[in-house]
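Data block for input28.pdb (PDB, C-alpha atoms):
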ATOM      1  CA  MET A   3     -16.182 -16.927  -0.239
ATOM      2  CA  ARG A   4     -15.970 -13.219   0.510
ATOM      3  CA  TYR A   5     -14.486 -11.488   3.515
ATOM      4  CA  ALA A   6     -15.054  -7.808   4.297
ATOM      5  CA  ILE A   7     -11.894  -6.003   5.438
ATOM      6  CA  LEU A   8     -12.555  -2.889   7.521
ATOM      7  CA  ALA A   9     -10.333  -0.558   9.520
ATOM      8  CA  ASP A  10     -10.648   2.576  11.606
ATOM      9  CA  ILE A  11     -14.410   2.720  12.059
ATOM     10  CA  HIS A  12     -13.795   5.332  14.748
ATOM     11  CA  SER A  13     -17.255   5.429  16.292
ATOM     12  CA  ASN A  14     -18.831   6.623  13.038
ATOM     13  CA  LEU A  15     -22.031   4.583  12.975
ATOM     14  CA  THR A  16     -23.489   6.226   9.871
ATOM     15  CA  ALA A  17     -20.392   5.408   7.834
ATOM     16  CA  PHE A  18     -20.242   1.884   9.271
ATOM     17  CA  GLN A  19     -23.863   1.210   8.351
ATOM     18  CA  ALA A  20     -23.298   2.513   4.816
ATOM     19  CA  VAL A  21     -20.304   0.214   4.400
ATOM     20  CA  LEU A  22     -22.248  -2.805   5.646
ATOM     21  CA  ARG A  23     -25.060  -2.093   3.181
ATOM     22  CA  ASP A  24     -22.495  -1.894   0.387
ATOM     23  CA  VAL A  25     -20.814  -5.131   1.491
ATOM     24  CA  GLU A  26     -24.144  -6.937   1.493
ATOM     25  CA  GLY A  27     -24.877  -5.509  -1.959
ATOM     26  CA  HIS A  28     -21.932  -7.486  -3.307
ATOM     27  CA  GLY A  29     -23.477 -10.748  -2.164
ATOM     28  CA  ARG A  30     -23.003 -13.185   0.659
ATOM     29  CA  PHE A  31     -19.908 -12.744   2.799
ATOM     30  CA  GLU A  32     -18.344 -15.148   5.246
ATOM     31  CA  GLN A  33     -16.864 -12.878   7.882
ATOM     32  CA  LEU A  34     -15.777  -9.331   8.752
ATOM     33  CA  TRP A  35     -12.104  -8.698   9.462
ATOM     34  CA  CYS A  36     -11.671  -5.487  11.454
ATOM     35  CA  LEU A  37      -8.173  -4.000  11.721
ATOM     36  CA  GLY A  38      -8.703  -2.008  14.889
ATOM     37  CA  ASP A  39      -9.840   1.404  16.110
ATOM     38  CA  VAL A  40     -13.491   0.550  16.304
ATOM     39  CA  VAL A  41     -13.797   3.542  18.638
ATOM     40  CA  GLY A  42     -12.275   6.998  19.024
ATOM     41  CA  TYR A  43     -13.020  10.390  17.441
ATOM     42  CA  GLY A  44     -16.665   9.795  16.515
ATOM     43  CA  PRO A  45     -20.000  10.049  18.376
ATOM     44  CA  GLU A  46     -21.208   6.430  18.641
ATOM     45  CA  PRO A  47     -18.592   4.143  20.204
ATOM     46  CA  HIS A  48     -21.019   1.798  21.966
ATOM     47  CA  GLN A  49     -23.273   1.500  18.925
ATOM     48  CA  CYS A  50     -20.352   0.640  16.626
ATOM     49  CA  ILE A  51     -19.095  -2.084  18.957
ATOM     50  CA  GLU A  52     -22.623  -3.425  19.300
ATOM     51  CA  LEU A  53     -23.125  -3.534  15.529
ATOM     52  CA  LEU A  54     -19.756  -5.168  14.857
ATOM     53  CA  ARG A  55     -20.530  -7.912  17.347
ATOM     54  CA  VAL A  56     -23.720  -8.824  15.467
ATOM     55  CA  PHE A  57     -21.555 -10.328  12.729
ATOM     56  CA  ASP A  58     -19.180 -13.258  12.647
ATOM     57  CA  HIS A  59     -15.943 -11.328  12.770
ATOM     58  CA  LEU A  60     -12.291 -11.095  13.701
ATOM     59  CA  CYS A  61     -11.010  -7.910  15.286
ATOM     60  CA  ILE A  62      -7.636  -6.724  16.511
ATOM     61  CA  ALA A  63      -6.773  -3.899  18.886
ATOM     62  CA  GLY A  64      -6.139  -0.377  17.716
ATOM     63  CA  ASN A  65      -4.448   2.290  19.798
ATOM     64  CA  HIS A  66      -7.744   4.129  20.345
ATOM     65  CA  ASP A  67      -9.458   0.916  21.400
ATOM     66  CA  TRP A  68      -6.930   0.158  24.111
ATOM     67  CA  ALA A  69      -6.611   3.807  25.195
ATOM     68  CA  ALA A  70     -10.366   3.951  25.746
ATOM     69  CA  VAL A  71     -10.112   1.144  28.300
ATOM     70  CA  GLY A  72      -6.869   2.288  29.938
ATOM     71  CA  LYS A  73      -4.579  -0.398  28.529
ATOM     72  CA  ILE A  74      -2.349   2.320  27.059
ATOM     73  CA  ASP A  75      -2.179   6.014  27.888
ATOM     74  CA  THR A  76      -2.904   8.931  25.572
ATOM     75  CA  MET A  77       0.443  10.659  26.057
ATOM     76  CA  ASP A  78       1.190  10.388  22.326
ATOM     77  CA  PHE A  79      -2.291  11.509  21.251
ATOM     78  CA  ASN A  80      -2.844  15.065  20.098
ATOM     79  CA  HIS A  81      -5.141  17.227  22.235
ATOM     80  CA  ASP A  82      -8.292  16.601  20.196
ATOM     81  CA  ALA A  83      -7.717  12.848  20.011
ATOM     82  CA  ALA A  84      -7.115  12.671  23.762
ATOM     83  CA  THR A  85     -10.234  14.735  24.476
ATOM     84  CA  ALA A  86     -12.351  12.480  22.268
ATOM     85  CA  ASN A  87     -10.845   9.383  23.853
ATOM     86  CA  ARG A  88     -11.775  10.500  27.367
ATOM     87  CA  TRP A  89     -15.329  11.160  26.163
ATOM     88  CA  THR A  90     -15.377   7.745  24.466
ATOM     89  CA  SER A  91     -14.366   5.951  27.659
ATOM     90  CA  ALA A  92     -17.359   7.392  29.465
ATOM     91  CA  GLN A  93     -19.781   6.055  26.822
ATOM     92  CA  LEU A  94     -18.717   2.410  27.004
ATOM     93  CA  THR A  95     -20.648  -0.295  28.804
ATOM     94  CA  GLU A  96     -18.870  -2.928  30.899
ATOM     95  CA  SER A  97     -19.420  -5.383  28.056
ATOM     96  CA  ASP A  98     -17.852  -2.910  25.588
ATOM     97  CA  LYS A  99     -14.824  -2.478  27.843
ATOM     98  CA  LEU A 100     -14.293  -6.213  28.244
ATOM     99  CA  TYR A 101     -14.554  -6.649  24.478
ATOM    100  CA  LEU A 102     -11.914  -3.983  23.783
ATOM    101  CA  GLN A 103      -9.629  -5.142  26.592
ATOM    102  CA  THR A 104      -9.438  -8.657  25.187
ATOM    103  CA  LEU A 105      -8.721  -7.748  21.552
ATOM    104  CA  PRO A 106      -5.394  -9.236  20.366
ATOM    105  CA  ARG A 107      -2.583  -7.139  18.914
ATOM    106  CA  ILE A 108      -1.968  -9.520  15.990
ATOM    107  CA  LEU A 109      -3.960 -12.274  14.316
ATOM    108  CA  ILE A 110      -2.950 -14.740  11.613
ATOM    109  CA  GLU A 111      -5.730 -15.990   9.385
ATOM    110  CA  ASP A 112      -4.842 -18.305   6.509
ATOM    111  CA  ARG A 113      -2.285 -16.394   4.370
ATOM    112  CA  PHE A 114      -2.885 -13.070   6.130
ATOM    113  CA  THR A 115      -1.359 -11.335   9.124
ATOM    114  CA  LEU A 116      -3.795  -8.797  10.597
ATOM    115  CA  VAL A 117      -2.443  -5.786  12.481
ATOM    116  CA  HIS A 118      -3.563  -2.244  13.191
ATOM    117  CA  GLY A 119      -0.315  -0.330  12.746
ATOM    118  CA  SER A 120       2.429  -2.657  11.557
ATOM    119  CA  PRO A 121       3.783  -6.148  12.279
ATOM    120  CA  LYS A 122       6.767  -4.573  14.046
ATOM    121  CA  ASP A 123       4.675  -2.175  16.142
ATOM    122  CA  PRO A 124       1.033  -3.291  15.979
ATOM    123  CA  LEU A 125      -0.521  -0.365  17.818
ATOM    124  CA  TRP A 126       1.478   2.688  16.835
ATOM    125  CA  GLU A 127       3.549   2.534  13.627
ATOM    126  CA  TYR A 128       2.183   4.210  10.507
ATOM    127  CA  LEU A 129       3.091   2.294   7.359
ATOM    128  CA  ILE A 130       3.271   5.196   4.940
ATOM    129  CA  SER A 131       6.524   4.628   3.032
ATOM    130  CA  PRO A 132       8.254   1.788   1.180
ATOM    131  CA  ILE A 133      11.151   2.120   3.650
ATOM    132  CA  ALA A 134       8.823   1.473   6.589
ATOM    133  CA  ALA A 135       7.215  -1.435   4.749
ATOM    134  CA  GLN A 136      10.610  -2.961   3.967
ATOM    135  CA  ALA A 137      11.627  -2.725   7.621
ATOM    136  CA  ASN A 138       8.546  -4.768   8.547
ATOM    137  CA  SER A 139       9.150  -7.627   6.126
ATOM    138  CA  ALA A 140      10.991  -9.713   8.708
ATOM    139  CA  PHE A 141       8.221  -9.291  11.288
ATOM    140  CA  TYR A 142       5.543 -11.366   9.585
ATOM    141  CA  SER A 143       5.762 -14.795   7.986
ATOM    142  CA  THR A 144       2.574 -14.911   5.915
ATOM    143  CA  THR A 145       2.502 -13.824   2.283
ATOM    144  CA  PHE A 146       0.064 -11.008   2.936
ATOM    145  CA  CYS A 147      -0.393  -8.449   5.686
ATOM    146  CA  LEU A 148      -3.456  -6.302   6.332
ATOM    147  CA  ALA A 149      -2.937  -3.052   8.246
ATOM    148  CA  GLY A 150      -4.883   0.104   9.056
ATOM    149  CA  HIS A 151      -4.011   3.136  11.204
ATOM    150  CA  SER A 152      -2.927   5.548   8.430
ATOM    151  CA  HIS A 153      -6.517   5.928   7.149
ATOM    152  CA  VAL A 154      -5.195   5.811   3.560
ATOM    153  CA  PRO A 155      -5.946   2.900   1.186
ATOM    154  CA  VAL A 156      -2.579   1.736  -0.076
ATOM    155  CA  ILE A 157      -0.674  -1.356  -1.161
ATOM    156  CA  PHE A 158       3.013  -2.162  -0.746
ATOM    157  CA  GLU A 159       4.420  -4.902  -2.958
ATOM    158  CA  PHE A 160       7.710  -6.697  -2.320
ATOM    159  CA  ILE A 161       9.507  -7.632  -5.538
ATOM    160  CA  ASP A 162      12.913  -9.128  -4.744
ATOM    161  CA  ASP A 163      14.640  -6.374  -2.729
ATOM    162  CA  VAL A 164      12.425  -3.550  -3.992
ATOM    163  CA  VAL A 165       9.211  -2.337  -2.330
ATOM    164  CA  THR A 166       6.705  -0.347  -4.369
ATOM    165  CA  LYS A 167       3.814   1.725  -3.040
ATOM    166  CA  ARG A 168       0.522   2.473  -4.738
ATOM    167  CA  VAL A 169      -2.532   4.309  -3.411
ATOM    168  CA  LEU A 170      -5.644   2.272  -4.143
ATOM    169  CA  ILE A 171      -8.649   3.821  -5.884
ATOM    170  CA  ASP A 172     -12.338   2.955  -5.869
ATOM    171  CA  ASN A 173     -13.106  -0.468  -7.389
ATOM    172  CA  GLU A 174      -9.431  -1.272  -7.887
ATOM    173  CA  THR A 175      -8.771  -5.005  -7.784
ATOM    174  CA  VAL A 176      -5.516  -6.478  -6.478
ATOM    175  CA  CYS A 177      -4.609  -9.993  -7.583
ATOM    176  CA  LEU A 178      -2.956 -12.022  -4.847
ATOM    177  CA  GLY A 179       0.104 -13.655  -6.366
ATOM    178  CA  PRO A 180       3.407 -14.974  -5.018
ATOM    179  CA  ASN A 181       4.811 -11.590  -3.926
ATOM    180  CA  LYS A 182       4.480 -10.367  -0.359
ATOM    181  CA  LEU A 183       1.953  -7.560   0.004
ATOM    182  CA  ILE A 184       0.897  -5.150   2.721
ATOM    183  CA  ILE A 185      -2.624  -3.878   2.047
ATOM    184  CA  ASN A 186      -4.400  -1.058   3.865
ATOM    185  CA  PRO A 187      -8.155  -0.821   3.125
ATOM    186  CA  GLY A 188      -8.369   2.801   4.268
ATOM    187  CA  SER A 189     -10.756   4.080   6.922
ATOM    188  CA  VAL A 190     -14.464   3.517   7.359
ATOM    189  CA  GLY A 191     -15.056   6.403   9.722
ATOM    190  CA  GLN A 192     -12.367   9.028   9.086
ATOM    191  CA  PRO A 193     -10.649   8.825   5.653
ATOM    192  CA  ARG A 194      -7.493  10.913   5.274
ATOM    193  CA  ASP A 195      -6.659  10.635   1.582
ATOM    194  CA  GLY A 196      -8.668  13.637   0.425
ATOM    195  CA  ASP A 197     -11.731  11.506  -0.363
ATOM    196  CA  PRO A 198     -14.393  11.763   2.370
ATOM    197  CA  ARG A 199     -16.168   8.573   1.326
ATOM    198  CA  ALA A 200     -15.860   5.569   3.613
ATOM    199  CA  SER A 201     -13.344   2.973   2.468
ATOM    200  CA  TYR A 202     -13.145  -0.802   2.813
ATOM    201  CA  ALA A 203     -12.037  -3.891   0.865
ATOM    202  CA  LEU A 204     -13.470  -7.274  -0.107
ATOM    203  CA  TYR A 205     -11.329 -10.400  -0.207
ATOM    204  CA  ASP A 206     -12.695 -13.026  -2.611
ATOM    205  CA  THR A 207     -11.206 -16.494  -2.236
ATOM    206  CA  ASP A 208     -12.745 -17.719  -5.497
ATOM    207  CA  THR A 209     -10.985 -15.082  -7.613
ATOM    208  CA  ASN A 210      -8.010 -14.721  -5.233
ATOM    209  CA  THR A 211      -8.399 -10.954  -5.237
ATOM    210  CA  VAL A 212      -8.835  -8.011  -2.898
ATOM    211  CA  CYS A 213     -10.974  -5.161  -4.230
ATOM    212  CA  LEU A 214     -11.178  -1.676  -2.704
ATOM    213  CA  HIS A 215     -14.546   0.075  -2.458
ATOM    214  CA  ARG A 216     -15.567   3.628  -1.543
ATOM    215  CA  VAL A 217     -18.997   4.427  -0.136
ATOM    216  CA  SER A 218     -20.770   7.762   0.246
ATOM    217  CA  TYR A 219     -22.572   8.328   3.534
ATOM    218  CA  ASP A 220     -24.441  11.139   5.286
ATOM    219  CA  ILE A 221     -21.476  13.009   6.732
ATOM    220  CA  GLU A 222     -23.654  15.822   8.088
ATOM    221  CA  THR A 223     -25.545  13.372  10.296
ATOM    222  CA  THR A 224     -22.303  12.276  11.925
ATOM    223  CA  GLN A 225     -21.170  15.881  12.265
ATOM    224  CA  ARG A 226     -24.413  16.916  13.959
ATOM    225  CA  ARG A 227     -24.117  14.070  16.427
ATOM    226  CA  MET A 228     -20.528  15.047  17.197
ATOM    227  CA  GLU A 229     -21.575  18.652  17.731
ATOM    228  CA  SER A 230     -24.344  17.605  20.099
ATOM    229  CA  GLU A 231     -21.802  15.681  22.183
ATOM    230  CA  GLY A 232     -19.353  18.597  22.306
ATOM    231  CA  LEU A 233     -16.578  16.762  20.475
ATOM    232  CA  PRO A 234     -13.668  18.864  19.103
ATOM    233  CA  VAL A 235     -14.480  21.117  16.153
ATOM    234  CA  PHE A 236     -11.486  19.975  14.103
ATOM    235  CA  LEU A 237     -12.586  16.334  14.315
ATOM    236  CA  ILE A 238     -16.032  17.379  13.108
ATOM    237  CA  SER A 239     -14.886  19.513  10.191
ATOM    238  CA  ARG A 240     -12.247  17.141   8.842
ATOM    239  CA  LEU A 241     -14.854  14.517   7.908
ATOM    240  CA  ALA A 242     -16.137  16.680   5.058
ATOM    241  CA  TYR A 243     -12.710  16.908   3.447
ATOM    242  CA  GLY A 244     -11.314  13.425   4.016
ATOM    243  CA  GLN A 245      -8.339  14.831   5.899
TER
END

Render the structure in this file as structure tokens.
Amino acid sequence: MRYAILADIHSNLTAFQAVLRDVEGHGRFEQLWCLGDVVGYGPEPHQCIELLRVFDHLCIAGNHDWAAVGKIDTMDFNHDAATANRWTSAQLTESDKLYLQTLPRILIEDRFTLVHGSPKDPLWEYLISPIAAQANSAFYSTTFCLAGHSHVPVIFEFIDDVVTKRVLIDNETVCLGPNKLIINPGSVGQPRDGDPRASYALYDTDTNTVCLHRVSYDIETTQRRMESEGLPVFLISRLAYGQ
């Protein structure tokens, strides 16, 4: 069976649709696992929630998801993120709001712990260094952890007392062995690793692997929609550079 692992869709419907087409191109999949931040930044928050809910899926809360429905404030957001979040809130239906309000902070599925930021701080912590990964080891009991939030596809591997970090590249396959791993599939809607293509991963239970995939999408379409909604210029321009 295959499971699609997505994170940080960020209201980018065009990227989300491109990823779903690519997922389906790899054959039948059982379920989508979404690691939070369905909304925020981009121009189509309602449409992305609506599309996600078409599929059998698991989803956890991201900081932008909960900020959009007032469960957390935007005090720690930068100006552009806060501006986009206020706009996002106004686009949501009552059904959208209820969906986001009830998302859990952590889920455990089989051998995986699913979080947005980190097991220690599910909404806010960026796992970007081996030191940060090591500090989180005691906060989850499964062998594997899936996290988003940094928008960078990366894997941390725990070998005895040493943690290694490796940025994942397109079509790279990770074999799931006995060592603890933290895997970030990158961002669907706003990559930040210098590659503007949407990023996601496929978990295959038959081969016991997770494979990263990158997908090109029509970035200019998303940018035009953001411009038409008056969203911040920096959020629009960064999509072209993957930053």

Residues of stretch 16-54 of chain A that have any atom at most 8 Å from an atom of stretch 189-202 of chain A: could you tabulate them with the shortest-distance atom pair and the distance in Å to one decimal, using only C-alpha atoms, ordered by chain and increasing number, as CSV?
residue,atom,partner,partner_atom,distance
A:Ala17,CA,A:Gly191,CA,5.7
A:Phe18,CA,A:Val190,CA,6.3
A:Val21,CA,A:Ala200,CA,7.0
A:Gly44,CA,A:Gly191,CA,7.8

Keeping C-alpha atoms for every residue in the selection just given, could you write it to a file as an mmCIF file, keeping the file's coordinate frame?
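To be explicit, this is the file written out as out-v8.cif:
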data_model
loop_
_atom_site.group_PDB
_atom_site.id
_atom_site.type_symbol
_atom_site.label_atom_id
_atom_site.label_comp_id
_atom_site.auth_asym_id
_atom_site.auth_seq_id
_atom_site.Cartn_x
_atom_site.Cartn_y
_atom_site.Cartn_z
ATOM 1 C CA ALA A 17 -20.392 5.408 7.834
ATOM 2 C CA PHE A 18 -20.242 1.884 9.271
ATOM 3 C CA VAL A 21 -20.304 0.214 4.400
ATOM 4 C CA GLY A 44 -16.665 9.795 16.515
#

Next on the checklist: Given the PyMOL selection byres ((chain A and resi 128) around 6) and the file above, list the residues it selects as a ChimeraX atom specification.
Outcome noted: /A:119,127,129-130,152

Checklist entry - Quick one, how far is atom CA of A:Leu34 from atom CA of A:Phe146? => result 17.0 Å

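Ranking A:Lys99, A:Lys182, A:His66, A:Arg168 by their shortest atom-to-atom distance to A:Glu52, with all atoms listed in the file included, puts A:Lys99 first.
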
Checklist entry - Which one is closest to A:Phe79: A:Asp112, A:Trp126, A:Asn210, A:Trp35? Count all atoms listed in the file. => result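 Among the listed residues, the smallest separation from A:Phe79 belongs to A:Trp126.
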
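Distances to A:Ser230 were evaluated for A:Gln103, A:Ile11, A:Glu46, A:Gly27 using all atoms listed in the file, and the minimum falls at A:Glu46.
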
Next on the checklist: Within 12 Å of (-13.4, -5.0, 10.1) in the file's own coordinates, which protein, DNA or RNA residues have an atom, counting only C-alpha atoms? List them as number ranges by chain.
Outcome noted: A: 5-12, 18, 21-22, 25, 33-40, 50-51, 53-55, 57-64, 116-118, 148-150, 186-191, 201-205

Checklist entry - Hey, what's within 12 Å of A:His81 if we count all atoms listed in the file and toss same-chain stuff fewer than 4 positions away? As an MDAnalysis selection string, please? => result chainID A and resid 43 76:77 85:88 233:237

List the residues matched by the PyMOL selection byres ((chain A and resi 223) around 12) in the displayed structure as a short mmCIF file (atom, residue, chain, number, x, y, z; two decimals) with C-alpha atoms, keeping the file's coordinate frame, ordered by chain and then by residue number.
data_model
loop_
_atom_site.label_atom_id
_atom_site.label_comp_id
_atom_site.auth_asym_id
_atom_site.auth_seq_id
_atom_site.Cartn_x
_atom_site.Cartn_y
_atom_site.Cartn_z
CA ASN A 14 -18.83 6.62 13.04
CA LEU A 15 -22.03 4.58 12.98
CA THR A 16 -23.49 6.23 9.87
CA ALA A 17 -20.39 5.41 7.83
CA GLY A 44 -16.66 9.80 16.52
CA PRO A 45 -20.00 10.05 18.38
CA GLU A 46 -21.21 6.43 18.64
CA TYR A 219 -22.57 8.33 3.53
CA ASP A 220 -24.44 11.14 5.29
CA ILE A 221 -21.48 13.01 6.73
CA GLU A 222 -23.65 15.82 8.09
CA THR A 224 -22.30 12.28 11.92
CA GLN A 225 -21.17 15.88 12.26
CA ARG A 226 -24.41 16.92 13.96
CA ARG A 227 -24.12 14.07 16.43
CA MET A 228 -20.53 15.05 17.20
CA GLU A 229 -21.58 18.65 17.73
CA SER A 230 -24.34 17.60 20.10
CA ILE A 238 -16.03 17.38 13.11
CA LEU A 241 -14.85 14.52 7.91
CA ALA A 242 -16.14 16.68 5.06
#
